[in-house]
Structures are given as C-alpha cells and as structure tokens.
>>> print(open('work-v1.tsv').read())   # TSV, N, CA and C atoms
chain	number	residue	atom	x	y	z
W	228	MET	N	257.54	127.26	109.98
W	228	MET	CA	258.02	126.38	111.04
W	228	MET	C	259.49	126.67	111.31
W	229	THR	N	259.84	126.68	112.55
W	229	THR	CA	261.22	126.91	112.96
W	229	THR	C	262.08	125.72	112.57
W	230	GLU	N	263.23	126.02	112.02
W	230	GLU	CA	264.20	124.99	111.68
W	230	GLU	C	265.38	125.13	112.63
W	231	VAL	N	266.00	124.02	113.00
W	231	VAL	CA	267.15	124.07	113.89
W	231	VAL	C	268.34	123.39	113.21
W	232	THR	N	269.50	124.07	113.28
W	232	THR	CA	270.74	123.53	112.76
W	232	THR	C	271.82	123.74	113.81
W	233	ALA	N	273.02	123.27	113.52
W	233	ALA	CA	274.12	123.43	114.48
W	233	ALA	C	275.41	123.75	113.74
W	234	THR	N	276.25	124.54	114.38
W	234	THR	CA	277.56	124.85	113.84
W	234	THR	C	278.51	123.69	114.11
W	235	LYS	N	279.65	123.73	113.46
W	235	LYS	CA	280.67	122.70	113.68
W	235	LYS	C	281.10	122.69	115.15
W	236	ALA	N	281.27	123.88	115.74
W	236	ALA	CA	281.67	123.97	117.15
W	236	ALA	C	280.63	123.32	118.06
W	237	ALA	N	279.36	123.53	117.79
W	237	ALA	CA	278.30	122.93	118.60
W	237	ALA	C	278.30	121.42	118.46
W	238	LEU	N	278.49	120.94	117.24
W	238	LEU	CA	278.51	119.49	117.02
W	238	LEU	C	279.70	118.84	117.72
W	239	GLU	N	280.84	119.54	117.76
W	239	GLU	CA	282.01	119.02	118.47
W	239	GLU	C	281.76	118.95	119.97
W	240	LEU	N	281.15	119.99	120.54
W	240	LEU	CA	280.82	119.98	121.97
W	240	LEU	C	279.78	118.89	122.25
W	241	LEU	N	278.81	118.76	121.39
W	241	LEU	CA	277.79	117.73	121.55
W	241	LEU	C	278.42	116.35	121.53
W	242	GLU	N	279.35	116.12	120.63
W	242	GLU	CA	280.02	114.83	120.53
W	242	GLU	C	280.76	114.51	121.84
W	243	GLU	N	281.40	115.51	122.41
W	243	GLU	CA	282.12	115.36	123.69
W	243	GLU	C	281.14	114.99	124.81
W	244	ILE	N	280.02	115.68	124.86
W	244	ILE	CA	279.02	115.43	125.91
W	244	ILE	C	278.39	114.06	125.75
W	245	VAL	N	278.06	113.67	124.53
W	245	VAL	CA	277.47	112.35	124.28
W	245	VAL	C	278.46	111.25	124.64
W	246	ALA	N	279.74	111.47	124.39
W	246	ALA	CA	280.76	110.48	124.76
W	246	ALA	C	280.79	110.29	126.28
W	247	ASP	N	280.55	111.36	127.03
W	247	ASP	CA	280.56	111.29	128.50
W	247	ASP	C	279.25	110.81	129.09
W	248	HIS	N	278.11	111.16	128.45
W	248	HIS	CA	276.80	110.93	129.08
W	248	HIS	C	275.83	110.08	128.27
W	249	GLY	N	276.16	109.73	127.05
W	249	GLY	CA	275.22	109.02	126.21
W	249	GLY	C	274.28	110.00	125.52
W	250	PRO	N	273.22	109.50	124.89
W	250	PRO	CA	272.29	110.37	124.15
W	250	PRO	C	271.70	111.46	125.04
W	251	VAL	N	271.43	112.60	124.41
W	251	VAL	CA	270.91	113.77	125.14
W	251	VAL	C	269.69	114.34	124.45
W	252	ILE	N	269.06	115.27	125.12
W	252	ILE	CA	267.94	116.03	124.58
W	252	ILE	C	268.23	117.51	124.84
W	253	PHE	N	267.86	118.37	123.90
W	253	PHE	CA	267.96	119.81	124.09
W	253	PHE	C	266.57	120.37	124.29
W	254	HIS	N	266.46	121.33	125.19
W	254	HIS	CA	265.22	122.08	125.34
W	254	HIS	C	265.60	123.55	125.35
W	255	GLN	N	265.05	124.31	124.43
W	255	GLN	CA	265.38	125.72	124.32
W	255	GLN	C	264.76	126.48	125.48
W	256	SER	N	265.61	127.00	126.35
W	256	SER	CA	265.14	127.72	127.53
W	256	SER	C	264.45	129.01	127.14
W	257	GLY	N	263.42	129.33	127.85
W	257	GLY	CA	262.75	130.61	127.66
W	257	GLY	C	262.65	131.35	128.98
W	258	GLY	N	263.33	130.81	129.99
W	258	GLY	CA	263.26	131.38	131.33
W	258	GLY	C	264.11	132.62	131.51
W	259	CYS	N	263.89	133.28	132.61
W	259	CYS	CA	264.59	134.53	132.89
W	259	CYS	C	266.04	134.29	133.28
W	260	CYS	N	266.32	133.22	133.95
W	260	CYS	CA	267.67	133.02	134.51
W	260	CYS	C	268.68	132.63	133.45
W	261	ASP	N	268.31	131.80	132.52
W	261	ASP	CA	269.26	131.33	131.51
W	261	ASP	C	269.02	131.96	130.16
W	262	GLY	N	268.13	132.92	130.09
W	262	GLY	CA	267.89	133.62	128.84
W	262	GLY	C	267.52	132.67	127.73
W	263	SER	N	268.28	132.71	126.66
W	263	SER	CA	267.97	131.85	125.52
W	263	SER	C	268.95	130.69	125.41
W	264	ALA	N	269.48	130.26	126.54
W	264	ALA	CA	270.42	129.14	126.52
W	264	ALA	C	269.69	127.84	126.19
W	265	PRO	N	270.24	127.05	125.27
W	265	PRO	CA	269.67	125.72	125.04
W	265	PRO	C	270.14	124.81	126.17
W	266	MET	N	269.22	124.18	126.82
W	266	MET	CA	269.55	123.30	127.94
W	266	MET	C	269.74	121.89	127.41
W	267	CYS	N	270.80	121.23	127.86
W	267	CYS	CA	271.17	119.90	127.39
W	267	CYS	C	271.10	118.92	128.56
W	268	TYR	N	270.26	117.88	128.41
W	268	TYR	CA	270.04	116.92	129.48
W	268	TYR	C	270.24	115.50	128.95
W	269	PRO	N	270.57	114.55	129.83
W	269	PRO	CA	270.59	113.16	129.39
W	269	PRO	C	269.20	112.76	128.88
W	270	LEU	N	269.17	112.03	127.80
W	270	LEU	CA	267.90	111.57	127.24
W	270	LEU	C	267.12	110.81	128.30
W	271	GLY	N	265.87	111.17	128.49
W	271	GLY	CA	265.01	110.51	129.46
W	271	GLY	C	265.00	111.18	130.83
W	272	GLU	N	265.86	112.18	131.05
W	272	GLU	CA	265.90	112.85	132.35
W	272	GLU	C	265.25	114.22	132.34
W	273	PHE	N	264.66	114.60	131.22
W	273	PHE	CA	263.90	115.85	131.16
W	273	PHE	C	262.49	115.49	130.75
W	274	ARG	N	261.54	115.87	131.56
W	274	ARG	CA	260.14	115.53	131.29
W	274	ARG	C	259.54	116.55	130.33
W	275	LEU	N	259.19	116.09	129.15
W	275	LEU	CA	258.53	116.95	128.17
W	275	LEU	C	257.06	117.09	128.53
W	276	GLY	N	256.52	118.27	128.25
W	276	GLY	CA	255.10	118.50	128.48
W	276	GLY	C	254.32	118.33	127.19
W	277	ASP	N	253.01	118.29	127.34
W	277	ASP	CA	252.13	118.15	126.17
W	277	ASP	C	252.28	119.31	125.20
W	278	SER	N	252.74	120.44	125.71
W	278	SER	CA	252.85	121.63	124.86
W	278	SER	C	254.26	121.84	124.30
W	279	ASP	N	255.17	120.90	124.50
W	279	ASP	CA	256.51	121.03	123.92
W	279	ASP	C	256.48	120.59	122.46
W	280	VAL	N	257.23	121.33	121.63
W	280	VAL	CA	257.27	121.10	120.19
W	280	VAL	C	258.66	120.63	119.81
W	281	LYS	N	258.73	119.53	119.06
W	281	LYS	CA	260.03	119.07	118.56
W	281	LYS	C	260.37	119.90	117.33
W	282	LEU	N	261.52	120.60	117.40
W	282	LEU	CA	261.96	121.45	116.29
W	282	LEU	C	262.75	120.67	115.25
W	283	GLY	N	263.35	119.59	115.68
W	283	GLY	CA	264.19	118.79	114.79
W	283	GLY	C	265.27	118.12	115.61
W	284	GLU	N	266.39	117.84	114.94
W	284	GLU	CA	267.52	117.20	115.60
W	284	GLU	C	268.81	117.87	115.19
W	285	VAL	N	269.77	117.85	116.09
W	285	VAL	CA	271.14	118.26	115.77
W	285	VAL	C	272.04	117.13	116.22
W	286	GLY	N	272.92	116.70	115.35
W	286	GLY	CA	273.81	115.59	115.69
W	286	GLY	C	273.05	114.35	116.09
W	287	GLY	N	271.83	114.18	115.58
W	287	GLY	CA	271.01	113.02	115.92
W	287	GLY	C	270.28	113.14	117.25
W	288	MET	N	270.40	114.29	117.92
W	288	MET	CA	269.76	114.49	119.22
W	288	MET	C	268.58	115.45	119.07
W	289	PRO	N	267.44	115.13	119.72
W	289	PRO	CA	266.23	115.95	119.56
W	289	PRO	C	266.33	117.31	120.23
W	290	VAL	N	265.66	118.29	119.61
W	290	VAL	CA	265.63	119.66	120.12
W	290	VAL	C	264.16	120.07	120.26
W	291	TYR	N	263.79	120.55	121.45
W	291	TYR	CA	262.41	120.94	121.75
W	291	TYR	C	262.34	122.38	122.25
W	292	MET	N	261.13	122.90	122.19
W	292	MET	CA	260.83	124.24	122.70
W	292	MET	C	259.36	124.22	123.12
W	293	SER	N	258.99	125.06	124.07
W	293	SER	CA	257.58	125.12	124.47
W	293	SER	C	256.75	125.70	123.33
W	294	GLN	N	255.50	125.30	123.26
W	294	GLN	CA	254.59	125.78	122.21
W	294	GLN	C	254.43	127.30	122.28
W	295	SER	N	254.30	127.84	123.49
W	295	SER	CA	254.11	129.28	123.61
W	295	SER	C	255.34	130.05	123.12
W	296	GLN	N	256.51	129.55	123.42
W	296	GLN	CA	257.73	130.19	122.92
W	296	GLN	C	257.85	130.02	121.41
W	297	HIS	N	257.46	128.85	120.92
W	297	HIS	CA	257.51	128.59	119.48
W	297	HIS	C	256.62	129.56	118.71
W	298	GLU	N	255.48	129.92	119.28
W	298	GLU	CA	254.61	130.90	118.63
W	298	GLU	C	255.34	132.21	118.38
W	299	LEU	N	256.17	132.60	119.33
W	299	LEU	CA	256.92	133.85	119.20
W	299	LEU	C	258.11	133.72	118.25
W	300	TRP	N	258.68	132.54	118.15
W	300	TRP	CA	259.90	132.31	117.36
W	300	TRP	C	259.62	131.63	116.02
W	301	ARG	N	258.38	131.42	115.67
W	301	ARG	CA	258.08	130.59	114.49
W	301	ARG	C	258.59	131.16	113.17
W	302	HIS	N	258.92	132.42	113.14
W	302	HIS	CA	259.44	133.01	111.90
W	302	HIS	C	260.97	133.08	111.89
W	303	THR	N	261.58	132.37	112.83
W	303	THR	CA	263.04	132.35	112.89
W	303	THR	C	263.56	130.93	112.79
W	304	ASP	N	264.78	130.81	112.31
W	304	ASP	CA	265.49	129.55	112.34
W	304	ASP	C	266.52	129.65	113.47
W	305	LEU	N	266.72	128.56	114.17
W	305	LEU	CA	267.64	128.54	115.29
W	305	LEU	C	268.93	127.84	114.90
W	306	ILE	N	270.04	128.41	115.34
W	306	ILE	CA	271.35	127.84	115.06
W	306	ILE	C	272.01	127.58	116.42
W	307	LEU	N	272.21	126.31	116.72
W	307	LEU	CA	272.89	125.94	117.95
W	307	LEU	C	274.38	126.13	117.72
W	308	ASP	N	275.02	126.90	118.59
W	308	ASP	CA	276.45	127.20	118.47
W	308	ASP	C	277.11	126.86	119.80
W	309	ALA	N	278.44	126.85	119.82
W	309	ALA	CA	279.21	126.69	121.05
W	309	ALA	C	280.25	127.79	121.10
W	310	ILE	N	280.36	128.41	122.26
W	310	ILE	CA	281.30	129.51	122.45
W	310	ILE	C	282.08	129.28	123.74
W	311	PRO	N	283.23	129.94	123.88
W	311	PRO	CA	283.97	129.82	125.13
W	311	PRO	C	283.16	130.39	126.30
W	312	GLY	N	283.26	129.75	127.43
W	312	GLY	CA	282.55	130.21	128.62
W	312	GLY	C	281.95	129.05	129.37
W	313	LEU	N	281.60	129.30	130.61
W	313	LEU	CA	281.00	128.24	131.42
W	313	LEU	C	279.60	127.93	130.94
W	314	GLY	N	279.19	126.69	131.17
W	314	GLY	CA	277.92	126.20	130.67
W	314	GLY	C	276.71	127.02	131.04
W	315	GLY	N	275.68	126.86	130.22
W	315	GLY	CA	274.46	127.62	130.36
W	315	GLY	C	273.77	127.45	131.69
W	316	GLY	N	272.91	126.51	131.81
W	316	GLY	CA	272.12	126.35	133.02
W	316	GLY	C	272.80	125.45	134.02
W	317	GLN	N	272.38	125.61	135.23
W	317	GLN	CA	272.95	124.85	136.33
W	317	GLN	C	272.90	123.34	136.09
W	318	PHE	N	271.85	122.87	135.45
W	318	PHE	CA	271.68	121.43	135.25
W	318	PHE	C	272.01	120.99	133.83
W	319	SER	N	272.36	121.91	132.96
W	319	SER	CA	272.69	121.57	131.58
W	319	SER	C	274.06	120.89	131.53
W	320	LEU	N	274.19	119.88	130.70
W	320	LEU	CA	275.42	119.09	130.64
W	320	LEU	C	276.63	119.86	130.12
W	321	ASP	N	276.44	121.05	129.56
W	321	ASP	CA	277.60	121.85	129.16
W	321	ASP	C	278.16	122.64	130.33
W	322	ASN	N	277.48	122.64	131.45
W	322	ASN	CA	277.93	123.36	132.64
W	322	ASN	C	279.26	122.78	133.14
W	323	GLY	N	280.21	123.67	133.46
W	323	GLY	CA	281.50	123.23	133.98
W	323	GLY	C	282.53	122.91	132.91
W	324	ARG	N	282.16	123.03	131.67
W	324	ARG	CA	283.09	122.79	130.56
W	324	ARG	C	283.65	124.13	130.08
W	325	PRO	N	284.76	124.10	129.34
W	325	PRO	CA	285.32	125.37	128.86
W	325	PRO	C	284.48	126.04	127.76
W	326	ASN	N	283.58	125.29	127.15
W	326	ASN	CA	282.69	125.84	126.12
W	326	ASN	C	281.25	125.58	126.52
W	327	ARG	N	280.36	126.42	126.00
W	327	ARG	CA	278.94	126.26	126.31
W	327	ARG	C	278.12	126.46	125.06
W	328	PHE	N	276.90	125.93	125.11
W	328	PHE	CA	275.98	126.10	123.99
W	328	PHE	C	275.34	127.48	124.04
W	329	LEU	N	275.02	127.99	122.86
W	329	LEU	CA	274.34	129.26	122.70
W	329	LEU	C	273.43	129.14	121.49
W	330	THR	N	272.24	129.70	121.57
W	330	THR	CA	271.34	129.69	120.43
W	330	THR	C	271.40	131.04	119.72
W	331	ARG	N	271.62	130.98	118.43
W	331	ARG	CA	271.54	132.17	117.59
W	331	ARG	C	270.29	132.02	116.74
W	332	SER	N	269.76	133.12	116.25
W	332	SER	CA	268.56	133.01	115.43
W	332	SER	C	268.68	133.92	114.22
W	333	LYS	N	267.94	133.55	113.20
W	333	LYS	CA	267.85	134.41	112.00
W	333	LYS	C	266.44	134.27	111.44
W	334	MET	N	265.99	135.33	110.83
W	334	MET	CA	264.66	135.31	110.23
W	334	MET	C	264.66	134.35	109.04
W	335	HIS	N	263.53	133.73	108.81
W	335	HIS	CA	263.39	132.81	107.68
W	335	HIS	C	263.79	133.51	106.39
W	336	GLN	N	264.45	132.79	105.52
W	336	GLN	CA	264.87	133.32	104.22
W	336	GLN	C	264.01	132.72	103.11
W	337	ARG	N	262.75	132.48	103.38
W	337	ARG	CA	261.88	131.80	102.42
W	337	ARG	C	261.10	132.76	101.59
>>> encode(input="work-v1.tsv", output="structure tokens")
Amino acid sequence: MTEVTATKAALELLEEIVADHGPVIFHQSGGCCDGSAPMCYPLGEFRLGDSDVKLGEVGGMPVYMSQSQHELWRHTDLILDAIPGLGGGQFSLDNGRPNRFLTRSKMHQR
C-alpha cells in the first residue's frame, strides 16, 4: 500500500493555505497537463469518485489518488514537498504563491 508523508516545507505551505482557506483535500494528479502535481482544493469542493483511494493524511488533511493510478504506484511511497515556483494546477490552492507542491516518490523499503 502506498504511504504518503510530507516534508517540513510542504507542511509550512499547507499551514499557510489552511490559514487562508480552511481545511483542504489533496488529490494526486495523473493528468497530462499537471503531470504529477498534487492538487490542493478546499475541503468539500472536489468531488471524489467511487474509484478514488485515500492514501492517508498530511498535516491532518486527506490525500487521495485514483484507483487506476494507485495500481501503478502501489509499490511506491509518496512524499509531498514544496519547492519555489508558481503553483501546480490552475485550480490548486498553491497557484499564485511563491512556492508550490510537488510529489516525490520512492520505492517501498519493506
């Protein structure tokens, strides 16, 4: 099973976003336009599908991914990070900030 964690930089950016917007939800993008950017939305404003899988939480906020994408990534752990640059997706709450979220991955060490 994929595990999700966050770096200190990601947690700091998340704290900033939650202060501005309240609780949020992450959905790991698998689309062509945003690559592997984790998309950050206000809680309740992103409609989850029956095939979305909850990977866990970072900073108390839920992180999801589609089941089909999870099948491909199930042998990796995801690390939510924040790096300098404009936000990931057009509708992601990190858009327009000096830092943006980025997902890093590593193979399971089990």
>>> atom_distance(input="work-v1.tsv", atom1="CA of Glu243 in chain W", atom2="CA of Ile306 in chain W")
18.6 Å
>>> select_by_dssp(input="work-v1.tsv", residues="range 229-319 of chain W", states="alpha helix (DSSP H)", output="ChimeraX atom specification")
/W:235-248,294-300
>>> write_last_selection(input="work-v1.tsv", atoms="N, CA and C atoms", output="PDB file, keeping the file's coordinate frame")
ATOM      1  N   LYS W 235     279.650 123.730 113.460  1.00  0.00           N
ATOM      2  CA  LYS W 235     280.670 122.700 113.680  1.00  0.00           C
ATOM      3  C   LYS W 235     281.100 122.690 115.150  1.00  0.00           C
ATOM      4  N   ALA W 236     281.270 123.880 115.740  1.00  0.00           N
ATOM      5  CA  ALA W 236     281.670 123.970 117.150  1.00  0.00           C
ATOM      6  C   ALA W 236     280.630 123.320 118.060  1.00  0.00           C
ATOM      7  N   ALA W 237     279.360 123.530 117.790  1.00  0.00           N
ATOM      8  CA  ALA W 237     278.300 122.930 118.600  1.00  0.00           C
ATOM      9  C   ALA W 237     278.300 121.420 118.460  1.00  0.00           C
ATOM     10  N   LEU W 238     278.490 120.940 117.240  1.00  0.00           N
ATOM     11  CA  LEU W 238     278.510 119.490 117.020  1.00  0.00           C
ATOM     12  C   LEU W 238     279.700 118.840 117.720  1.00  0.00           C
ATOM     13  N   GLU W 239     280.840 119.540 117.760  1.00  0.00           N
ATOM     14  CA  GLU W 239     282.010 119.020 118.470  1.00  0.00           C
ATOM     15  C   GLU W 239     281.760 118.950 119.970  1.00  0.00           C
ATOM     16  N   LEU W 240     281.150 119.990 120.540  1.00  0.00           N
ATOM     17  CA  LEU W 240     280.820 119.980 121.970  1.00  0.00           C
ATOM     18  C   LEU W 240     279.780 118.890 122.250  1.00  0.00           C
ATOM     19  N   LEU W 241     278.810 118.760 121.390  1.00  0.00           N
ATOM     20  CA  LEU W 241     277.790 117.730 121.550  1.00  0.00           C
ATOM     21  C   LEU W 241     278.420 116.350 121.530  1.00  0.00           C
ATOM     22  N   GLU W 242     279.350 116.120 120.630  1.00  0.00           N
ATOM     23  CA  GLU W 242     280.020 114.830 120.530  1.00  0.00           C
ATOM     24  C   GLU W 242     280.760 114.510 121.840  1.00  0.00           C
ATOM     25  N   GLU W 243     281.400 115.510 122.410  1.00  0.00           N
ATOM     26  CA  GLU W 243     282.120 115.360 123.690  1.00  0.00           C
ATOM     27  C   GLU W 243     281.140 114.990 124.810  1.00  0.00           C
ATOM     28  N   ILE W 244     280.020 115.680 124.860  1.00  0.00           N
ATOM     29  CA  ILE W 244     279.020 115.430 125.910  1.00  0.00           C
ATOM     30  C   ILE W 244     278.390 114.060 125.750  1.00  0.00           C
ATOM     31  N   VAL W 245     278.060 113.670 124.530  1.00  0.00           N
ATOM     32  CA  VAL W 245     277.470 112.350 124.280  1.00  0.00           C
ATOM     33  C   VAL W 245     278.460 111.250 124.640  1.00  0.00           C
ATOM     34  N   ALA W 246     279.740 111.470 124.390  1.00  0.00           N
ATOM     35  CA  ALA W 246     280.760 110.480 124.760  1.00  0.00           C
ATOM     36  C   ALA W 246     280.790 110.290 126.280  1.00  0.00           C
ATOM     37  N   ASP W 247     280.550 111.360 127.030  1.00  0.00           N
ATOM     38  CA  ASP W 247     280.560 111.290 128.500  1.00  0.00           C
ATOM     39  C   ASP W 247     279.250 110.810 129.090  1.00  0.00           C
ATOM     40  N   HIS W 248     278.110 111.160 128.450  1.00  0.00           N
ATOM     41  CA  HIS W 248     276.800 110.930 129.080  1.00  0.00           C
ATOM     42  C   HIS W 248     275.830 110.080 128.270  1.00  0.00           C
ATOM     43  N   GLN W 294     255.500 125.300 123.260  1.00  0.00           N
ATOM     44  CA  GLN W 294     254.590 125.780 122.210  1.00  0.00           C
ATOM     45  C   GLN W 294     254.430 127.300 122.280  1.00  0.00           C
ATOM     46  N   SER W 295     254.300 127.840 123.490  1.00  0.00           N
ATOM     47  CA  SER W 295     254.110 129.280 123.610  1.00  0.00           C
ATOM     48  C   SER W 295     255.340 130.050 123.120  1.00  0.00           C
ATOM     49  N   GLN W 296     256.510 129.550 123.420  1.00  0.00           N
ATOM     50  CA  GLN W 296     257.730 130.190 122.920  1.00  0.00           C
ATOM     51  C   GLN W 296     257.850 130.020 121.410  1.00  0.00           C
ATOM     52  N   HIS W 297     257.460 128.850 120.920  1.00  0.00           N
ATOM     53  CA  HIS W 297     257.510 128.590 119.480  1.00  0.00           C
ATOM     54  C   HIS W 297     256.620 129.560 118.710  1.00  0.00           C
ATOM     55  N   GLU W 298     255.480 129.920 119.280  1.00  0.00           N
ATOM     56  CA  GLU W 298     254.610 130.900 118.630  1.00  0.00           C
ATOM     57  C   GLU W 298     255.340 132.210 118.380  1.00  0.00           C
ATOM     58  N   LEU W 299     256.170 132.600 119.330  1.00  0.00           N
ATOM     59  CA  LEU W 299     256.920 133.850 119.200  1.00  0.00           C
ATOM     60  C   LEU W 299     258.110 133.720 118.250  1.00  0.00           C
ATOM     61  N   TRP W 300     258.680 132.540 118.150  1.00  0.00           N
ATOM     62  CA  TRP W 300     259.900 132.310 117.360  1.00  0.00           C
ATOM     63  C   TRP W 300     259.620 131.630 116.020  1.00  0.00           C
TER      64      TRP W 300
END
>>> atom_distance(input="work-v1.tsv", atom1="CA of Met292 in chain W", atom2="CA of Pro311 in chain W")
23.9 Å
>>> atom_distance(input="work-v1.tsv", atom1="atom N of Pro269 in chain W", atom2="atom C of Gly249 in chain W")
7.3 Å
>>> closest_residue(input="work-v1.tsv", among="W:Thr330, W:Glu230, W:Val290, W:Asp308", to="His254 in chain W", atoms="only N, CA and C atoms")
W:Val290
>>> select_by_dssp(input="work-v1.tsv", residues="range 258-313 of chain W", states="strand (DSSP E)", output="list in words")
Pro265, Met266, Cys267, Tyr268, Pro269, Asp279, Val280, Lys281, Leu282, Gly283, Glu284, Val285, Met288, Pro289, Val290, Tyr291, Met292, Ser293, Thr303, Asp304, Leu305, Ile306, Leu307, Asp308, Ala309, Ile310 and Pro311 of chain W
>>> residues_around(input="work-v1.tsv", residues="Asp304 in chain W", least_positions_apart="2", cutoff="6.5 Å", atoms="only N, CA and C atoms", output="ChimeraX atom specification")
/W:229-232,300-302,306,331-335
>>> closest_residue(input="work-v1.tsv", among="W:Gln317, W:Ile310, W:Gln296, W:Asn326", to="Gly257 in chain W", atoms="only C-alpha atoms")
W:Gln296
>>> residues_around(input="work-v1.tsv", residues="Arg327 in chain W", least_positions_apart="6", cutoff="8 Å", atoms="all atoms listed in the file", output="NGL selection string")
:W and (237 or 240 or 265 or 308-315 or 320-321)
>>> closest_residue(input="work-v1.tsv", among="W:Arg274, W:Leu307, W:Phe318, W:Ala264", to="Ala236 in chain W", atoms="all atoms listed in the file")
W:Leu307
>>> closest_residue(input="work-v1.tsv", among="W:Tyr291, W:Glu272, W:His297, W:Gly283", to="Gln255 in chain W", atoms="only N, CA and C atoms")
W:Tyr291
